[in-house]
Structure formats: C-alpha cells, structure tokens
Amino acid sequence: MNQHRSLPRLLPLLAAAAAFALLPLASHAADQGGMGTANGGMKMSGSEMGNMGHMNMAANGSEITVTGEVLDMACYLDHGAHGEGHAACAQKCISSGLPVGIKGTDGKTYLLIGEHMPANSELAQYAAKTITVKGKYVSRDGINLLENIEIVK
C-alpha cells in the first residue's frame with residue numbers, strides 16, 4: 001500500500017529526469033545547424049536563428065562578425081582574468097603563444113585563429129581591448145571558434 005502513495009511523487013521526478021536527459025540532444029541539434037524552437041515553438045532553421053541578433057545561433061561554417069574584448073584564454077579560463085587591469089599579462093600570454101579569444105557582446109566566448117595558424121602576433125596588441133573580428137564560425141562540444149579571422153576596422 002505504501003508503494004502506491006509514493007507513485008504520485010515519483011512521476012514528476014521521472015518526467016523532469018527525462019527532460020534533462022533530452023537537453024544534450026537538443027543542444028547537439030542546435031550545434032549542427034538543425035531545426036530549433038527557440039522562438040516559442042515556431043520552427044526555424046539554424047541560419048534563421050542566427051539572424052535573431054541576441055541569440056547569435058549561426059550555422060557552423062557561416063561567416064559571422066563578433067565585437068568584444070580580446071582575451072588570453074589561459075588566464076580567463078583559469079581564474080576569470082580580463083579587463084584593463086589584466087591587459088599587460090594578457091598581452092604577454094598572447095605574445096608567448098597561449099590561446100587567444102574574444103568575449104563577444106553576444107555573451108559567447110570564441111577561440112580565435114588565422115588561416116590554419118595562430119593569430120596571436122596580430123592580436124596581442126589588442127589584449128583587453130574591444131575589437132570587431134569576422135571569420136568562419138564553428139562550434140563543437142560547446143567550444144566556439146572563429147577561424148580565418150580578420151580584424152574589422
């Protein structure tokens with residue numbers, strides 16, 4: 001008899017667990033430029049979702065433009081270092097070859113590379129400064145990358 005009383009409490013937990021289990025699948029579909037329902041149920045393609053501005057869900061392989069702060073990714077990921085107070089260290093780290101990125105105004109962080117080579121020598125002078133770059137966008141396993149970047153002046 002006690003088993004039947006706990007069943008009503010168990011069902012919502014099972015439903016929540018099933019919903020959480022499906023989240024990685026939905027994220028993977030969005031990363032692959034698949035169909036999404038980010039606008040309240042209306043289906044849209046990945047490129048249409050990318051045109052929603054604040055969501056910036058561009059399709060893999062598309063060229064995008066990002067404005068934001070140039071980061072040395074080692075210090076940013078390790079202890080959240082960024083901003084003018086970290087500029088000298090970021091410039092040193094970027095110049096030494098550590099990964100460089102940009103924290104976009106869209107809220108995403110992107111690794112930045114040139115055409116099959118680092119872009120560190122070009123970007124070190126902009127450490128902790130806000131710039132605009134354009135490049136080929138790729139996202140895999142939650143990591144965002146802009147490759148073949150160009151600084152927009």
# chains A, B, ... in the order shown; residues from 1 in each chain; ligands from 1

call {"tool": "residues_around", "arguments": {"residues": "Val66 (chain A)", "least_positions_apart": "3", "cutoff": "8 Å", "atoms": "only C-alpha atoms", "output": "count of residues only"}}
result
6

call {"tool": "closest_residue", "arguments": {"among": "A:Ile143, A:Leu111, A:Ala58, A:Ala128", "to": "His82 (chain A)", "atoms": "only C-alpha atoms"}}
result
A:Ala128

call {"tool": "select_by_dssp", "arguments": {"residues": "region 102-139 of chain A", "states": "strand (DSSP E)", "output": "PyMOL selection string"}}
result
chain A and resi 102-104+109-112+130-139

call {"tool": "closest_residue", "arguments": {"among": "A:Gly101, A:Gly83, A:Pro118, A:Gly61", "to": "Tyr137 (chain A)", "atoms": "only C-alpha atoms"}}
result
A:Gly61

call {"tool": "residues_around", "arguments": {"residues": "Ser62 (chain A)", "least_positions_apart": "3", "cutoff": "9 Å", "atoms": "only C-alpha atoms", "output": "PyMOL selection string"}}
result
chain A and resi 47+58-59+135-138

call {"tool": "closest_residue", "arguments": {"among": "A:Asn148, A:Thr67, A:Ala127, A:Ala74", "to": "Gly114 (chain A)", "atoms": "only C-alpha atoms"}}
result
A:Asn148
